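Source file: data33.cif (mmCIF, C-alpha atoms)
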data_query
loop_
_atom_site.label_atom_id
_atom_site.label_comp_id
_atom_site.auth_asym_id
_atom_site.auth_seq_id
_atom_site.Cartn_x
_atom_site.Cartn_y
_atom_site.Cartn_z
CA ASP O 14 35.21 0.74 -35.58
CA ALA O 15 36.28 -2.88 -35.22
CA ALA O 16 39.32 -1.82 -33.15
CA ALA O 17 37.05 0.06 -30.75
CA GLY O 18 34.99 -3.04 -30.12
CA ARG O 19 32.18 -2.12 -32.52
CA GLY O 20 31.23 -3.90 -35.73
CA ARG O 21 28.83 -2.72 -38.41
CA ARG O 22 25.83 -4.92 -38.62
CA GLY O 23 24.48 -5.60 -42.09
CA SER O 24 24.40 -8.05 -44.88
CA HIS O 25 28.08 -7.40 -45.72
CA SER O 26 29.44 -7.57 -42.12
CA SER O 27 32.44 -9.88 -41.92
CA PHE O 28 32.93 -9.52 -38.15
CA GLU O 29 30.04 -11.65 -36.96
CA GLY O 30 31.23 -14.33 -34.54
CA LEU O 31 34.81 -13.06 -34.47
CA MET O 32 36.70 -11.77 -31.43
CA GLN O 33 36.51 -7.97 -31.29
CA GLN O 34 39.21 -5.74 -29.80
CA PRO O 35 38.06 -3.53 -26.89
CA ILE O 36 39.91 -0.41 -25.71
CA VAL O 37 40.50 0.11 -21.98
CA GLU O 38 40.41 3.52 -20.31
CA ILE O 39 43.12 3.83 -17.62
CA GLU O 40 43.43 6.39 -14.81
CA ILE O 41 46.69 6.86 -12.88
CA VAL O 42 46.56 6.29 -9.09
CA GLU O 43 48.46 8.98 -7.16
CA SER O 44 47.88 7.73 -3.62
CA SER O 45 45.52 5.79 -1.40
CA TYR O 46 43.86 6.35 1.96
CA VAL O 47 41.47 4.70 4.38
CA ASP O 48 38.10 6.43 4.86
CA ILE O 49 36.20 6.79 8.12
CA GLU O 50 34.54 3.40 7.60
CA GLY O 51 37.87 1.62 7.12
CA HIS O 52 37.59 1.14 3.36
CA LEU O 53 40.58 1.61 1.07
CA ARG O 54 40.10 4.47 -1.39
CA TYR O 55 42.26 5.80 -4.23
CA ARG O 56 43.12 9.28 -5.45
CA TYR O 57 43.61 9.58 -9.21
CA ARG O 58 45.81 12.00 -11.10
CA PRO O 59 43.47 14.77 -12.30
CA GLY O 60 43.10 15.28 -16.04
CA HIS O 61 45.27 12.29 -16.97
CA ARG O 62 43.79 9.33 -18.82
CA GLU O 63 45.19 6.75 -21.18
CA TYR O 64 43.57 4.40 -23.68
CA ARG O 65 45.14 1.03 -24.38
CA LEU O 66 44.28 -2.10 -26.26
CA PHE O 67 43.01 -4.85 -23.99
CA HIS O 68 44.65 -8.26 -24.34
CA LEU O 69 42.17 -10.84 -25.51
CA VAL O 70 42.25 -14.52 -24.60
CA ARG O 71 40.18 -17.43 -25.81
CA GLU O 72 38.25 -19.40 -23.24
CA GLU O 73 39.27 -23.03 -23.41
CA ASP O 74 38.30 -26.10 -21.46
CA PRO O 75 40.89 -27.14 -18.86
CA PRO O 76 42.96 -30.23 -19.63
CA SER O 77 41.29 -33.47 -18.64
CA GLY O 78 42.24 -34.54 -15.14
CA SER O 79 43.40 -31.10 -13.99
CA LEU O 80 40.36 -30.69 -11.74
CA ARG O 81 40.64 -34.12 -10.18
CA PRO O 82 39.98 -33.89 -6.40
CA ARG O 83 43.09 -34.13 -4.27
CA ALA O 84 43.67 -36.84 -1.70
CA ALA O 85 43.16 -36.25 2.02
CA SER O 86 46.93 -36.45 2.59
CA GLN O 87 47.39 -33.53 0.16
CA LEU O 88 44.70 -31.39 1.73
CA PHE O 89 45.63 -32.15 5.34
CA PRO O 90 49.24 -33.36 5.62
CA LEU O 91 50.45 -34.62 8.99
CA GLY O 92 51.32 -31.80 11.37
CA CYS O 93 49.43 -29.07 9.53
CA ALA O 94 47.41 -26.57 11.57
CA VAL O 95 43.61 -26.79 11.47
CA LEU O 96 40.70 -24.89 13.07
CA CYS O 97 37.75 -26.53 14.80
CA VAL O 98 34.53 -25.22 13.21
CA ALA O 99 32.12 -27.73 14.75
CA HIS O 100 29.52 -25.67 16.61
CA GLY O 101 28.83 -27.03 20.04
CA ALA O 102 32.16 -28.83 20.28
CA ALA O 103 34.34 -28.10 23.32
CA ALA O 104 37.21 -27.16 21.00
CA PHE O 105 35.14 -24.84 18.78
CA GLY O 106 37.29 -21.92 17.62
CA GLN O 107 40.52 -23.55 18.81
CA THR O 108 43.49 -24.41 16.59
CA GLY O 109 44.90 -27.92 16.49
CA THR O 110 47.24 -30.25 14.60
CA VAL O 111 46.51 -33.13 12.22
CA VAL O 112 47.76 -36.37 13.84
CA ARG O 113 46.30 -39.12 11.62
CA ILE O 114 45.32 -39.44 7.93
CA GLY O 115 43.37 -42.21 6.22
CA LYS O 116 42.15 -42.73 2.69
CA ASP O 117 39.34 -40.17 2.79
CA LEU O 118 38.50 -36.91 4.55
CA ASP O 119 36.32 -38.66 7.15
CA SER O 120 39.40 -40.48 8.45
CA VAL O 121 41.41 -37.30 9.19
CA GLU O 122 42.01 -36.83 12.93
CA ALA O 123 43.33 -33.74 14.71
CA ARG O 124 44.31 -32.97 18.29
CA PHE O 125 43.09 -29.73 19.92
CA GLU O 126 44.27 -28.13 23.14
CA ILE O 127 41.19 -26.89 24.98
CA GLY O 128 41.58 -23.25 26.03
CA LEU O 129 39.55 -21.29 28.56
CA THR O 130 35.97 -22.25 29.33
CA GLN O 131 33.12 -19.82 28.60
CA GLU O 132 32.98 -18.84 32.27
CA GLU O 133 36.74 -18.20 32.33
CA ASN O 134 36.48 -16.16 29.13
CA ASP O 135 33.70 -14.02 30.62
CA GLU O 136 35.73 -13.45 33.77
CA LEU O 137 38.83 -12.49 31.79
CA GLN O 138 36.79 -10.13 29.61
CA ALA O 139 35.38 -8.42 32.72
CA GLU O 140 38.89 -7.94 34.10
CA ILE O 141 40.08 -6.44 30.78
CA HIS O 142 37.14 -4.02 30.74
CA GLN O 143 37.99 -2.93 34.28
CA VAL O 144 41.61 -2.25 33.31
CA VAL O 145 40.52 -0.25 30.26
CA ALA O 146 37.99 1.77 32.26
CA THR O 147 40.58 2.56 34.95
CA GLN O 148 43.15 3.74 32.44
CA HIS O 149 40.55 5.70 30.49
CA ALA O 150 39.57 7.53 33.66
CA SER O 151 43.22 8.28 34.50
CA LEU O 152 43.67 10.29 31.27
CA LYS O 153 42.99 14.02 31.45
CA TRP O 154 40.25 15.13 29.06
CA PHE O 155 39.61 18.60 27.66
CA GLU O 156 36.92 20.24 25.59
CA LEU O 157 37.84 21.89 22.28
CA VAL O 158 38.12 25.37 23.79
CA ASP O 159 40.41 24.13 26.56
CA ILE O 160 42.62 22.22 24.11
CA ALA O 161 43.02 25.39 22.04
CA LYS O 162 43.87 27.43 25.12
CA GLN O 163 46.43 24.88 26.34
CA ALA O 164 48.07 24.77 22.89
CA ARG O 165 47.87 28.57 22.52
CA LEU O 166 45.98 28.34 19.25
CA ASP O 167 42.77 29.83 17.90
CA VAL O 168 39.73 27.61 18.32
CA HIS O 169 38.82 27.69 14.61
CA VAL O 170 42.38 26.55 13.74
CA VAL O 171 42.23 23.64 16.18
CA ARG O 172 38.80 22.64 14.87
CA GLN O 173 40.23 22.39 11.35
CA VAL O 174 43.32 20.43 12.38
CA LEU O 175 41.56 17.93 14.66
CA GLY O 176 39.16 16.92 11.88
CA SER O 177 39.72 15.90 8.29
CA LEU O 178 41.73 18.60 6.50
CA MET O 179 41.97 18.06 2.75
CA ALA O 180 44.90 19.97 1.24
CA ARG O 181 46.33 20.50 -2.23
CA CYS O 182 49.99 19.57 -2.09
CA GLN O 183 52.66 19.06 -4.74
CA GLU O 184 51.29 18.77 -8.28
CA ALA O 185 47.83 19.62 -6.87
CA VAL O 186 47.46 16.13 -5.35
CA ARG O 187 44.85 16.00 -2.57
CA GLU O 188 46.09 14.81 0.81
CA ASP O 189 44.42 14.67 4.21
CA ILE O 190 46.75 16.50 6.62
CA GLY O 191 44.18 16.61 9.43
CA MET O 192 44.56 14.63 12.64
CA ASN O 193 41.20 12.86 12.07
CA MET O 194 40.31 12.81 15.75
CA MET O 195 36.65 13.65 15.24
CA SER O 196 34.33 12.61 12.47
CA GLU O 197 30.56 12.91 12.12
CA SER O 198 28.72 11.39 9.17
CA GLY O 199 25.00 11.79 9.57
CA ASP O 200 24.05 10.06 12.80
CA LYS O 201 27.32 8.10 12.86
CA ILE O 202 30.07 9.41 15.15
CA PHE O 203 33.64 8.13 14.97
CA CYS O 204 36.40 8.82 17.49
CA LEU O 205 40.13 8.16 17.61
CA PRO O 206 40.70 5.66 20.44
CA CYS O 207 42.39 7.22 23.50
CA TYR O 208 42.62 10.58 21.72
CA SER O 209 38.99 11.66 21.47
CA VAL O 210 35.56 10.78 22.84
CA HIS O 211 32.05 12.03 22.12
CA THR O 212 29.89 12.15 25.21
CA ARG O 213 26.66 14.00 26.00
CA GLY O 214 26.74 15.71 22.63
CA LYS O 215 30.24 17.16 23.12
CA TRP O 216 33.70 16.30 21.87
CA LYS O 217 36.49 15.82 24.40
CA PHE O 218 40.18 15.26 23.78
CA SER O 219 42.81 13.60 25.95
CA GLU O 220 46.24 14.84 26.98
CA LEU O 221 47.60 12.63 24.17
CA THR O 222 45.80 14.90 21.71
CA LEU O 223 47.31 17.98 23.33
CA GLU O 224 50.83 16.54 23.09
CA ALA O 225 50.33 15.57 19.44
CA LEU O 226 48.82 18.96 18.56
CA VAL O 227 51.71 20.88 20.14
CA ASP O 228 54.24 18.67 18.32
CA TYR O 229 52.44 19.25 15.00
CA ARG O 230 52.44 23.03 15.52
CA THR O 231 56.10 23.05 16.60
CA ARG O 232 57.22 21.18 13.48
CA PHE O 233 55.05 23.09 11.00
CA PRO O 234 54.21 26.53 12.43
CA LYS O 235 53.66 28.01 8.96
CA VAL O 236 50.81 25.57 8.35
CA PHE O 237 48.99 26.74 11.46
CA GLU O 238 49.59 30.37 10.56
CA ALA O 239 48.13 29.79 7.09
CA LEU O 240 45.12 28.04 8.62
CA ARG O 241 44.55 31.04 10.89
CA LYS O 242 44.34 33.29 7.80
CA ARG O 243 42.21 30.84 5.81
CA GLN O 244 38.88 32.36 4.83
CA ASN O 245 37.06 29.71 2.79
CA GLU O 246 37.02 26.38 4.62
CA GLU O 247 34.78 24.75 2.02
CA ARG O 248 37.62 24.65 -0.51
CA ASP O 249 40.76 22.52 -0.17
CA PHE O 250 43.55 24.11 1.83
CA GLU O 251 46.41 25.24 -0.43
CA ALA O 252 49.33 23.74 1.48
CA THR O 253 51.93 25.38 -0.77
CA LYS O 254 50.85 28.78 0.53
CA ALA O 255 52.19 27.78 3.93
CA PHE O 256 55.68 27.42 2.45
CA THR O 257 56.03 30.61 0.39
CA ASP O 258 59.36 31.32 2.13
CA SER O 259 60.71 27.85 1.35
CA PRO O 260 63.11 27.47 -1.62
CA ASP O 261 61.24 24.28 -2.57
CA ALA O 262 57.55 24.38 -1.61
CA ASP O 263 56.85 20.96 -3.15
CA TYR O 264 59.55 19.33 -1.02
CA ALA O 265 58.21 21.08 2.09
CA CYS O 266 54.73 19.72 1.29
CA SER O 267 56.10 16.19 0.89
CA ARG O 268 57.73 16.50 4.33
CA LEU O 269 54.39 17.58 5.77
CA VAL O 270 52.56 14.59 4.26
CA LYS O 271 55.31 12.20 5.38
CA TYR O 272 55.09 13.55 8.93
CA CYS O 273 51.31 13.11 9.06
CA THR O 274 51.31 9.56 7.67
CA GLY O 275 54.01 8.54 10.14
CA CYS O 276 52.17 9.73 13.28
CA ALA O 277 50.23 7.37 15.53
CA TRP O 278 47.07 9.44 15.20
CA LYS O 279 47.10 8.86 11.43
CA LYS O 280 47.84 5.12 11.65
CA LEU O 281 45.07 4.36 14.15
CA ARG O 282 41.63 3.53 12.81
CA LEU O 283 38.57 5.47 13.88
CA ALA O 284 36.16 3.70 16.21
CA PRO O 285 32.40 4.23 16.54
CA SER O 286 31.31 5.95 19.74
CA PRO O 287 31.24 4.68 22.45
CA TYR O 288 34.38 2.52 22.54
CA MET O 289 36.90 1.00 24.95
CA ALA O 290 40.65 1.00 24.29
CA LEU O 291 44.01 0.96 26.05
CA ALA O 292 46.28 3.96 25.56
CA PRO O 293 49.46 3.31 23.50
#

Let me see the file written as structure tokens.
Amino acid sequence: DAAAGRGRRGSHSSFEGLMQQPIVEIEIVESSYVDIEGHLRYRYRPGHREYRLFHLVREEDPPSGSLRPRAASQLFPLGCAVLCVAHGAAAFGQTGTVVRIGKDLDSVEARFEIGLTQEENDELQAEIHQVVATQHASLKWFELVDIAKQARLDVHVVRQVLGSLMARCQEAVREDIGMNMMSESGDKIFCLPCYSVHTRGKWKFSELTLEALVDYRTRFPKVFEALRKRQNEERDFEATKAFTDSPDADYACSRLVKYCTGCAWKKLRLAPSPYMALAP
């Protein structure tokens, strides 16, 4: 009981006031991914847990003098880069360089190169928005049915692929092999910049999506064929079933995951609708 971090309380207990040894439960991380809100998440190996003794340390006071405040020359040496955080100053938000140091922090001086004025920033921002809007309009956009027709695929297959598609791959590890171009979570709608938009209650996809979808199907036709025959979309897609003819289904699955993680549509982060972005 003492090793598990528990001590018997009673008149004969000899563990009162002593350090007790806890046990730590450990789960093995198989992989990680970024969710639709941009947070890093982890996937753990199912059914595998370990229990280990946790290393204990005694809390001690730091040596005298170790927390002594450092001099201004140590905090801001000559030539180091600094940021102006004085609200209302002309150089607010600009980076500069330390040019003079005295005995205390009040004597530190830095030189800042003034950038654009607020009016110039507003004008530049308006020009950037115009460029983005012009390029966005130059892209060809298709509805889901049209994308499926152009790619010569069934609509229900394209709908699965363009969203989040959780699959069981080698050793039953869950991987998202979807293109993540459309995501709806409650009243929140997320798009993939330059690949998808959500307007007037409908999803539309650019010619970049069509090119990526055709490339995906060309490289892994068996996956799309298995998705066409899939009956229960509420359960994870069994990716190994798409490689029944392969001498090594696990290796084929690893190639599939590697392809997905290496594509631009998997590296880009989702953006809330509406958005503005330049095409890659």

Fill in: Residue members of the PyMOL selection byres ((chain O and resi 188-202) around 7) in the file shown, as a ChimeraX atom specification
/O:174-182,186-187,203-205,208-209,270,273,278-279,285-286

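One distance worth recording is that between atom CA of O:Asp261 and atom CA of O:Gly60, which is 24.3 Å.
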
Worksheet item: How would you write as a ChimeraX atom specification the residues that get within 6 Å of (37.8, 29.8, 21.0) in the file's frame, counting all atoms listed in the file?
Response: /O:158,167-168

Worksheet item: How far is it from atom CA of O:Glu220 to atom CA of O:Phe256, in Å with one decimal?
Response: 29.1 Å

Worksheet item: By how many Å are atom CA of O:Arg241 and atom CA of O:His169 apart?
Response: 7.6 Å

Worksheet item: So what does the PyMOL selection byres ((chain O and resi 44) around 8) actually pick up in this one, as a PyMOL selection string?
Response: chain O and resi 42-43+45-46+55-57

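Closest to O:Gly275 among O:Glu140, O:Pro206, O:Tyr229, O:Glu247 is O:Tyr229, based on all atoms listed in the file.
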
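Distances to O:Gly106 were evaluated for O:Ile127, O:Ile36, O:Leu88, O:Leu166 using only C-alpha atoms, and the minimum falls at O:Ile127.
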
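Of the listed residues (O:Lys242, O:Lys271, O:Arg62, O:Lys153), O:Lys153 comes nearest to O:Val210; the distances count all atoms listed in the file.
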
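Using all atoms listed in the file, the nearest neighbour of O:Glu251 within the list O:Glu184, O:Val227, O:Ala284, O:His61 is O:Glu184.
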
Discussion item. Env of O:Glu238: 10 Å cut, atoms = only C-alpha atoms, seq-sep filter 6 positions within chain, self excluded. Answer as a ChimeraX atom specification.
Written reply: /O:166,170,230,255

Worksheet item: Could you pull the residues within 8 Å of stretch 160-164 of chain O, counting only C-alpha atoms, minus those fewer than 3 positions along the same chain, as a ChimeraX atom specification?
Response: /O:155-157,167-168,171,218,223,226-227

Which centre and which edge lengths, in Å to one decimal, describe the axis-aligned box that holds all listed atoms of stretch 268-273 of chain O after 8 Å is added on each side, as JSON?
{"center_x": 54.5, "center_y": 14.9, "center_z": 6.7, "size_x": 22.4, "size_y": 21.4, "size_z": 20.8}

If we count only C-alpha atoms, what is near O:Glu246 at a cut-off of 10 Å, once residues fewer than 3 positions away on the same chain are taken out, given as a short mmCIF file (atom, residue, chain, number, x, y, z; two decimals) with C-alpha atoms, keeping the file's coordinate frame?
data_model
loop_
_atom_site.label_atom_id
_atom_site.label_comp_id
_atom_site.auth_asym_id
_atom_site.auth_seq_id
_atom_site.Cartn_x
_atom_site.Cartn_y
_atom_site.Cartn_z
CA GLN O 173 40.23 22.39 11.35
CA LEU O 178 41.73 18.60 6.50
CA MET O 179 41.97 18.06 2.75
CA LEU O 240 45.12 28.04 8.62
CA ARG O 243 42.21 30.84 5.81
CA ASP O 249 40.76 22.52 -0.17
CA PHE O 250 43.55 24.11 1.83
#

Supply stretch 181-199 of chain O as a PDB file, keeping the file's coordinate frame, with N, CA, C and O atoms built in where the input has gaps.
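Dumped everything to out.pdb:
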ATOM      1  N   ARG O 181      45.690  20.657  -0.921  1.00  0.00           N
ATOM      2  CA  ARG O 181      46.330  20.500  -2.230  1.00  0.00           C
ATOM      3  C   ARG O 181      47.832  20.635  -2.022  1.00  0.00           C
ATOM      4  O   ARG O 181      48.313  21.692  -1.627  1.00  0.00           O
ATOM      5  N   CYS O 182      48.546  19.568  -2.306  1.00  0.00           N
ATOM      6  CA  CYS O 182      49.990  19.570  -2.090  1.00  0.00           C
ATOM      7  C   CYS O 182      50.707  19.615  -3.434  1.00  0.00           C
ATOM      8  O   CYS O 182      50.204  20.200  -4.384  1.00  0.00           O
ATOM      9  N   GLN O 183      51.887  18.995  -3.512  1.00  0.00           N
ATOM     10  CA  GLN O 183      52.660  19.060  -4.740  1.00  0.00           C
ATOM     11  C   GLN O 183      51.880  18.478  -5.904  1.00  0.00           C
ATOM     12  O   GLN O 183      51.178  17.496  -5.758  1.00  0.00           O
ATOM     13  N   GLU O 184      51.982  19.146  -7.053  1.00  0.00           N
ATOM     14  CA  GLU O 184      51.290  18.770  -8.280  1.00  0.00           C
ATOM     15  C   GLU O 184      49.777  18.695  -8.073  1.00  0.00           C
ATOM     16  O   GLU O 184      49.070  17.924  -8.733  1.00  0.00           O
ATOM     17  N   ALA O 185      49.267  19.507  -7.140  1.00  0.00           N
ATOM     18  CA  ALA O 185      47.830  19.620  -6.870  1.00  0.00           C
ATOM     19  C   ALA O 185      47.193  18.313  -6.403  1.00  0.00           C
ATOM     20  O   ALA O 185      45.978  18.123  -6.503  1.00  0.00           O
ATOM     21  N   VAL O 186      47.987  17.389  -5.879  1.00  0.00           N
ATOM     22  CA  VAL O 186      47.460  16.130  -5.350  1.00  0.00           C
ATOM     23  C   VAL O 186      46.780  16.387  -4.011  1.00  0.00           C
ATOM     24  O   VAL O 186      47.312  17.102  -3.162  1.00  0.00           O
ATOM     25  N   ARG O 187      45.600  15.807  -3.819  1.00  0.00           N
ATOM     26  CA  ARG O 187      44.850  16.000  -2.570  1.00  0.00           C
ATOM     27  C   ARG O 187      45.364  15.051  -1.497  1.00  0.00           C
ATOM     28  O   ARG O 187      45.493  13.853  -1.721  1.00  0.00           O
ATOM     29  N   GLU O 188      45.640  15.598  -0.333  1.00  0.00           N
ATOM     30  CA  GLU O 188      46.090  14.810   0.810  1.00  0.00           C
ATOM     31  C   GLU O 188      45.330  15.268   2.045  1.00  0.00           C
ATOM     32  O   GLU O 188      44.987  16.451   2.170  1.00  0.00           O
ATOM     33  N   ASP O 189      45.067  14.331   2.946  1.00  0.00           N
ATOM     34  CA  ASP O 189      44.420  14.670   4.210  1.00  0.00           C
ATOM     35  C   ASP O 189      45.495  14.899   5.266  1.00  0.00           C
ATOM     36  O   ASP O 189      46.129  13.957   5.735  1.00  0.00           O
ATOM     37  N   ILE O 190      45.723  16.168   5.630  1.00  0.00           N
ATOM     38  CA  ILE O 190      46.750  16.500   6.620  1.00  0.00           C
ATOM     39  C   ILE O 190      46.123  16.781   7.986  1.00  0.00           C
ATOM     40  O   ILE O 190      46.787  17.304   8.885  1.00  0.00           O
ATOM     41  N   GLY O 191      44.838  16.454   8.147  1.00  0.00           N
ATOM     42  CA  GLY O 191      44.180  16.610   9.430  1.00  0.00           C
ATOM     43  C   GLY O 191      44.527  15.466  10.367  1.00  0.00           C
ATOM     44  O   GLY O 191      45.023  14.418   9.946  1.00  0.00           O
ATOM     45  N   MET O 192      44.249  15.655  11.643  1.00  0.00           N
ATOM     46  CA  MET O 192      44.560  14.630  12.640  1.00  0.00           C
ATOM     47  C   MET O 192      43.449  13.601  12.776  1.00  0.00           C
ATOM     48  O   MET O 192      43.615  12.605  13.481  1.00  0.00           O
ATOM     49  N   ASN O 193      42.289  13.840  12.131  1.00  0.00           N
ATOM     50  CA  ASN O 193      41.200  12.860  12.070  1.00  0.00           C
ATOM     51  C   ASN O 193      40.776  12.342  13.436  1.00  0.00           C
ATOM     52  O   ASN O 193      40.527  11.150  13.602  1.00  0.00           O
ATOM     53  N   MET O 194      40.680  13.232  14.397  1.00  0.00           N
ATOM     54  CA  MET O 194      40.310  12.810  15.750  1.00  0.00           C
ATOM     55  C   MET O 194      38.818  12.953  16.007  1.00  0.00           C
ATOM     56  O   MET O 194      38.330  12.517  17.044  1.00  0.00           O
ATOM     57  N   MET O 195      38.109  13.576  15.098  1.00  0.00           N
ATOM     58  CA  MET O 195      36.650  13.650  15.240  1.00  0.00           C
ATOM     59  C   MET O 195      36.029  13.589  13.854  1.00  0.00           C
ATOM     60  O   MET O 195      36.496  14.224  12.918  1.00  0.00           O
ATOM     61  N   SER O 196      34.991  12.785  13.748  1.00  0.00           N
ATOM     62  CA  SER O 196      34.330  12.610  12.470  1.00  0.00           C
ATOM     63  C   SER O 196      32.846  12.342  12.712  1.00  0.00           C
ATOM     64  O   SER O 196      32.485  11.490  13.523  1.00  0.00           O
ATOM     65  N   GLU O 197      32.003  13.092  12.027  1.00  0.00           N
ATOM     66  CA  GLU O 197      30.560  12.910  12.120  1.00  0.00           C
ATOM     67  C   GLU O 197      30.007  12.759  10.714  1.00  0.00           C
ATOM     68  O   GLU O 197      30.218  13.615   9.863  1.00  0.00           O
ATOM     69  N   SER O 198      29.330  11.652  10.469  1.00  0.00           N
ATOM     70  CA  SER O 198      28.720  11.390   9.170  1.00  0.00           C
ATOM     71  C   SER O 198      27.269  11.016   9.411  1.00  0.00           C
ATOM     72  O   SER O 198      26.938   9.879   9.740  1.00  0.00           O
ATOM     73  N   GLY O 199      26.396  12.017   9.259  1.00  0.00           N
ATOM     74  CA  GLY O 199      25.000  11.790   9.570  1.00  0.00           C
ATOM     75  C   GLY O 199      24.821  11.537  11.056  1.00  0.00           C
ATOM     76  O   GLY O 199      25.242  12.337  11.891  1.00  0.00           O
TER      77      GLY O 199
END
